[in-house]
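Here is the structure we will look at.
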There are 2 protein chains.
Amino acid sequence: MVIRTQPLTVKAFAPYGDVLDCAGSPDKLINEGMCSRFHDRAELDFEDGRAGVSIFHAVPRALPYDLTLLERHPLGSQTFIPMSFDPFLVIVAQDLGNKPGKVTAFLSAPGQAINFHKGTWHGVLTPLAAPGLFAVVDRIGDGANLEEFRLDKPVMIERG
Amino acid sequence: MVIRTQPLTVKAFAPYGDVLDCAGSPDKLINEGMCSRFHDRAELDFEDGRAGVSIFHAVPRALPYDLTLLERHPLGSQTFIPMSFDPFLVIVAQDLGNKPGKVTAFLSAPGQAINFHKGTWHGVLTPLAAPGLFAVVDRIGDGANLEEFRLDKPVMIERG
């Protein structure tokens, strides 16, 4: 199967999580007008744990990309903040209960971060350019917070 | 008074907060070896509130920079994650109880984020290049969480 990336928009991504960017009007002007604050844009949701900030350094991938693995975190949301002004590939899937369903792929714009809601099926972190550096806000705690699902057949993701 | 920036290192910044980057060995390899995780690198500390992720869009400044205002947040830590691969200016000050003391200025390297510990005196967000976009993990909650201190005389910060 082949699917094409679509632009990462708040509306299209809403079933899976939040898009964090500086589109639209800021919620507040701070620092004597020199800084716009877009306030509290991610639905952080952690069971039996707490929020933490980690750094992820991932190998850049290229399109077309063969998707073979999806995963989800049943105990917490996960926010991915790119630390370079580059697009990255965001892959999600519907939930059919115990396994993922229809796959959708988004191509972010530079300056967009995303937050996967708790339990959302998603692909692993796939930057498309070096340095592949992200800050990640996710659940710090014990317990089984990773489910993986290997696809029978790869899904090829092409630039839309 | 004139002070010069110094490189942002874990050791030099330790009295004020945490440096988050991918220096050294990762804590864990994930995603079948394609991603390094540098785990839980910020001391998040929120009184009577919760963590949230906001986007800050700040006007870029230039060096030399005239520092006239310091601020602190008595109720929570504040993590600044640059969303472009650029250095930014990080200004902190010692705490003399109810007012700031000696000022120190750091110049980050691309790919470094910082976390101000709760109550640390610091300058406002000062990117040195466009887009001036940051994700900020700080306290979401009611209450007076901002103290400002205006300097009698500006401190000029020059590139070290």
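Ligands are numbered from 1 in the order shown, chains are lettered A, B, ... in the order of the structure tokens, and residues start at 1 in each chain.
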Return as a PDB file with N, CA and C atoms, in the first residue's frame the residues belonging to chain B that are within 6 Å of chain A, counting only C-alpha atoms.
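Listing of selection06.pdb after writing:
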ATOM      1  N   MET B  34      17.719   3.368  16.108  1.00  0.00           N
ATOM      2  CA  MET B  34      17.737   4.566  15.256  1.00  0.00           C
ATOM      3  C   MET B  34      17.609   5.866  16.051  1.00  0.00           C
ATOM      4  N   CYS B  35      17.392   5.783  17.364  1.00  0.00           N
ATOM      5  CA  CYS B  35      17.177   6.999  18.150  1.00  0.00           C
ATOM      6  C   CYS B  35      17.818   6.861  19.528  1.00  0.00           C
ATOM      7  N   SER B  36      18.556   7.890  19.920  1.00  0.00           N
ATOM      8  CA  SER B  36      19.162   7.946  21.246  1.00  0.00           C
ATOM      9  C   SER B  36      18.287   8.785  22.168  1.00  0.00           C
ATOM     10  N   ARG B  37      18.024   8.246  23.359  1.00  0.00           N
ATOM     11  CA  ARG B  37      17.221   8.970  24.342  1.00  0.00           C
ATOM     12  C   ARG B  37      18.109   9.455  25.486  1.00  0.00           C
ATOM     13  N   PHE B  38      18.146  10.755  25.686  1.00  0.00           N
ATOM     14  CA  PHE B  38      18.830  11.387  26.819  1.00  0.00           C
ATOM     15  C   PHE B  38      17.720  11.730  27.804  1.00  0.00           C
ATOM     16  N   HIS B  39      17.604  10.921  28.830  1.00  0.00           N
ATOM     17  CA  HIS B  39      16.375  10.763  29.595  1.00  0.00           C
ATOM     18  C   HIS B  39      16.209  11.770  30.736  1.00  0.00           C
ATOM     19  N   ASP B  40      15.087  12.437  30.754  1.00  0.00           N
ATOM     20  CA  ASP B  40      14.612  13.172  31.934  1.00  0.00           C
ATOM     21  C   ASP B  40      15.663  14.170  32.426  1.00  0.00           C
ATOM     22  N   ARG B  41      15.999  15.124  31.570  1.00  0.00           N
ATOM     23  CA  ARG B  41      17.147  15.985  31.818  1.00  0.00           C
ATOM     24  C   ARG B  41      16.829  17.314  32.519  1.00  0.00           C
ATOM     25  N   ALA B  42      15.555  17.573  32.788  1.00  0.00           N
ATOM     26  CA  ALA B  42      15.194  18.851  33.425  1.00  0.00           C
ATOM     27  C   ALA B  42      14.535  18.613  34.773  1.00  0.00           C
ATOM     28  N   GLY B  52       2.847  22.477  31.605  1.00  0.00           N
ATOM     29  CA  GLY B  52       2.199  22.702  30.317  1.00  0.00           C
ATOM     30  C   GLY B  52       3.254  23.063  29.290  1.00  0.00           C
ATOM     31  N   VAL B  53       2.892  22.913  28.027  1.00  0.00           N
ATOM     32  CA  VAL B  53       3.812  23.276  26.939  1.00  0.00           C
ATOM     33  C   VAL B  53       3.207  24.448  26.161  1.00  0.00           C
ATOM     34  N   SER B  54       3.947  25.539  26.095  1.00  0.00           N
ATOM     35  CA  SER B  54       3.519  26.717  25.350  1.00  0.00           C
ATOM     36  C   SER B  54       4.558  27.037  24.290  1.00  0.00           C
ATOM     37  N   ILE B  55       4.159  27.842  23.321  1.00  0.00           N
ATOM     38  CA  ILE B  55       5.089  28.308  22.291  1.00  0.00           C
ATOM     39  C   ILE B  55       5.336  29.797  22.517  1.00  0.00           C
ATOM     40  N   PHE B  56       6.611  30.178  22.533  1.00  0.00           N
ATOM     41  CA  PHE B  56       6.996  31.587  22.654  1.00  0.00           C
ATOM     42  C   PHE B  56       7.616  32.028  21.325  1.00  0.00           C
ATOM     43  N   HIS B  57       7.196  33.171  20.855  1.00  0.00           N
ATOM     44  CA  HIS B  57       7.746  33.734  19.616  1.00  0.00           C
ATOM     45  C   HIS B  57       8.308  35.102  19.964  1.00  0.00           C
ATOM     46  N   ALA B  58       9.627  35.212  20.016  1.00  0.00           N
ATOM     47  CA  ALA B  58      10.275  36.426  20.535  1.00  0.00           C
ATOM     48  C   ALA B  58      11.040  37.157  19.437  1.00  0.00           C
ATOM     49  N   VAL B  59      11.107  38.454  19.586  1.00  0.00           N
ATOM     50  CA  VAL B  59      11.859  39.297  18.655  1.00  0.00           C
ATOM     51  C   VAL B  59      13.355  39.040  18.858  1.00  0.00           C
ATOM     52  N   PRO B  82      14.769  25.778  22.119  1.00  0.00           N
ATOM     53  CA  PRO B  82      14.783  26.487  20.834  1.00  0.00           C
ATOM     54  C   PRO B  82      14.275  25.588  19.718  1.00  0.00           C
ATOM     55  N   MET B  83      13.411  26.121  18.851  1.00  0.00           N
ATOM     56  CA  MET B  83      12.859  25.340  17.743  1.00  0.00           C
ATOM     57  C   MET B  83      13.587  25.631  16.434  1.00  0.00           C
ATOM     58  N   SER B  84      14.727  26.290  16.545  1.00  0.00           N
ATOM     59  CA  SER B  84      15.654  26.396  15.410  1.00  0.00           C
ATOM     60  C   SER B  84      17.049  26.089  15.945  1.00  0.00           C
ATOM     61  N   PHE B  85      17.948  25.689  15.042  1.00  0.00           N
ATOM     62  CA  PHE B  85      19.270  25.202  15.449  1.00  0.00           C
ATOM     63  C   PHE B  85      20.220  26.387  15.556  1.00  0.00           C
TER      64      PHE B  85
END
Let's see if you can do this: from backbone DSSP, list all strand (DSSP E) residues in chain B, as a ChimeraX atom specification. /B:2-4,6-7,17-20,28-30,35-38,50-58,65-72,78-82,88-95,100-107,113-116,121-122,126-127,133-140,147-158
Write out as an MDAnalysis selection string the residues lying within 12 Å of Gly101 of chain B, counting only C-alpha atoms and excluding same-chain residues fewer than 3 positions away. chainID B and resid 70 92:98 104 120:122 149 151
Distance criterion (only C-alpha atoms): nearest to Gly160 of chain B out of B:Pro15, B:Gly76, B:Gly49, B:Pro64: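 For Gly160 of chain B, the nearest of the given residues is B:Pro64.
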To one decimal place in Å, what is the distance between atom CA of Asp18 of chain B and atom CA of Asp142 of chain A?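 About the pair atom CA of Asp18 of chain B and atom CA of Asp142 of chain A: they are 23.3 Å apart.
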Near-Phe106 of chain A list (8 Å; only C-alpha atoms; drop same-chain fewer than 6 positions) as a PyMOL selection string: chain A and resi 5-8+89-91
Take the residues that were just selected and, keeping all heavy atoms, output them as an mmCIF file, in the first residue's frame.
data_model
loop_
_atom_site.group_PDB
_atom_site.id
_atom_site.type_symbol
_atom_site.label_atom_id
_atom_site.label_comp_id
_atom_site.auth_asym_id
_atom_site.auth_seq_id
_atom_site.Cartn_x
_atom_site.Cartn_y
_atom_site.Cartn_z
ATOM 1 N N THR A 5 1.823 11.902 2.060
ATOM 2 C CA THR A 5 1.775 12.814 3.209
ATOM 3 C C THR A 5 0.783 13.940 2.931
ATOM 4 O O THR A 5 0.560 14.336 1.792
ATOM 5 C CB THR A 5 3.149 13.440 3.485
ATOM 6 O OG1 THR A 5 3.562 14.193 2.349
ATOM 7 C CG2 THR A 5 4.177 12.386 3.824
ATOM 8 N N GLN A 6 0.199 14.439 4.008
ATOM 9 C CA GLN A 6 -0.639 15.632 3.915
ATOM 10 C C GLN A 6 -0.095 16.676 4.876
ATOM 11 O O GLN A 6 0.656 16.352 5.802
ATOM 12 C CB GLN A 6 -2.095 15.298 4.195
ATOM 13 C CG GLN A 6 -2.370 14.566 5.496
ATOM 14 C CD GLN A 6 -3.858 14.264 5.675
ATOM 15 O OE1 GLN A 6 -4.623 15.097 6.131
ATOM 16 N NE2 GLN A 6 -4.243 13.062 5.283
ATOM 17 N N PRO A 7 -0.441 17.939 4.652
ATOM 18 C CA PRO A 7 0.069 18.983 5.552
ATOM 19 C C PRO A 7 -0.453 18.773 6.977
ATOM 20 O O PRO A 7 -1.580 18.323 7.176
ATOM 21 C CB PRO A 7 -0.496 20.275 4.950
ATOM 22 C CG PRO A 7 -0.856 19.931 3.537
ATOM 23 C CD PRO A 7 -1.246 18.484 3.552
ATOM 24 N N LEU A 8 0.382 19.100 7.938
ATOM 25 C CA LEU A 8 0.006 18.963 9.347
ATOM 26 C C LEU A 8 -0.832 20.180 9.758
ATOM 27 O O LEU A 8 -0.301 21.285 9.895
ATOM 28 C CB LEU A 8 1.271 18.880 10.206
ATOM 29 C CG LEU A 8 1.070 18.739 11.707
ATOM 30 C CD1 LEU A 8 0.384 17.427 12.054
ATOM 31 C CD2 LEU A 8 2.408 18.851 12.434
ATOM 32 N N LEU A 89 8.411 14.012 9.556
ATOM 33 C CA LEU A 89 7.331 13.117 9.152
ATOM 34 C C LEU A 89 6.610 12.609 10.398
ATOM 35 O O LEU A 89 7.256 12.108 11.330
ATOM 36 C CB LEU A 89 7.942 11.956 8.366
ATOM 37 C CG LEU A 89 7.023 10.859 7.846
ATOM 38 C CD1 LEU A 89 6.002 11.404 6.858
ATOM 39 C CD2 LEU A 89 7.872 9.752 7.191
ATOM 40 N N VAL A 90 5.296 12.750 10.403
ATOM 41 C CA VAL A 90 4.476 12.342 11.554
ATOM 42 C C VAL A 90 3.474 11.296 11.062
ATOM 43 O O VAL A 90 2.616 11.597 10.232
ATOM 44 C CB VAL A 90 3.718 13.551 12.156
ATOM 45 C CG1 VAL A 90 2.863 13.109 13.330
ATOM 46 C CG2 VAL A 90 4.684 14.656 12.558
ATOM 47 N N ILE A 91 3.608 10.103 11.575
ATOM 48 C CA ILE A 91 2.762 8.993 11.128
ATOM 49 C C ILE A 91 1.861 8.563 12.278
ATOM 50 O O ILE A 91 2.335 8.362 13.397
ATOM 51 C CB ILE A 91 3.629 7.800 10.680
ATOM 52 C CG1 ILE A 91 4.536 8.222 9.521
ATOM 53 C CG2 ILE A 91 2.755 6.603 10.301
ATOM 54 C CD1 ILE A 91 5.653 7.235 9.232
#
How many Å lie between atom CA of Ala144 of chain A and atom CA of His117 of chain A, rounded to one decimal?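 Going from atom CA of Ala144 of chain A over to atom CA of His117 of chain A, I get 16.8 Å.
Comparing the minimum interatomic distances between Thr9 of chain A and each of A:Ala109, A:Gln78, A:Arg72, A:Leu63, counting only C-alpha atoms, we find that A:Ala109 sits nearest.
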Just the residues within 9 Å of Met1 of chain A, please, counting only C-alpha atoms, with nothing from its chain fewer than 6 positions along; format it as a ChimeraX atom specification. /A:153-157
DSSP helix (DSSP H, G or I) selection over chain A, as a ChimeraX atom specification: /A:10-13
Any chance you can output those residues with N, CA, C and O atoms as a CSV table (one decimal), in the first residue's frame?
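Once written, out.csv looks like this:
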chain,number,residue,atom,x,y,z
A,10,VAL,N,-4.1,21.6,12.4
A,10,VAL,CA,-4.8,21.4,13.7
A,10,VAL,C,-6.0,20.5,13.5
A,10,VAL,O,-6.2,19.5,14.2
A,11,LYS,N,-6.8,20.8,12.4
A,11,LYS,CA,-8.0,20.0,12.2
A,11,LYS,C,-7.8,18.6,11.8
A,11,LYS,O,-8.4,17.7,12.4
A,12,ALA,N,-6.9,18.4,10.9
A,12,ALA,CA,-6.6,17.0,10.4
A,12,ALA,C,-6.0,16.2,11.5
A,12,ALA,O,-6.2,14.9,11.5
A,13,PHE,N,-5.2,16.8,12.3
A,13,PHE,CA,-4.4,16.0,13.4
A,13,PHE,C,-5.2,15.8,14.7
A,13,PHE,O,-4.8,15.1,15.5
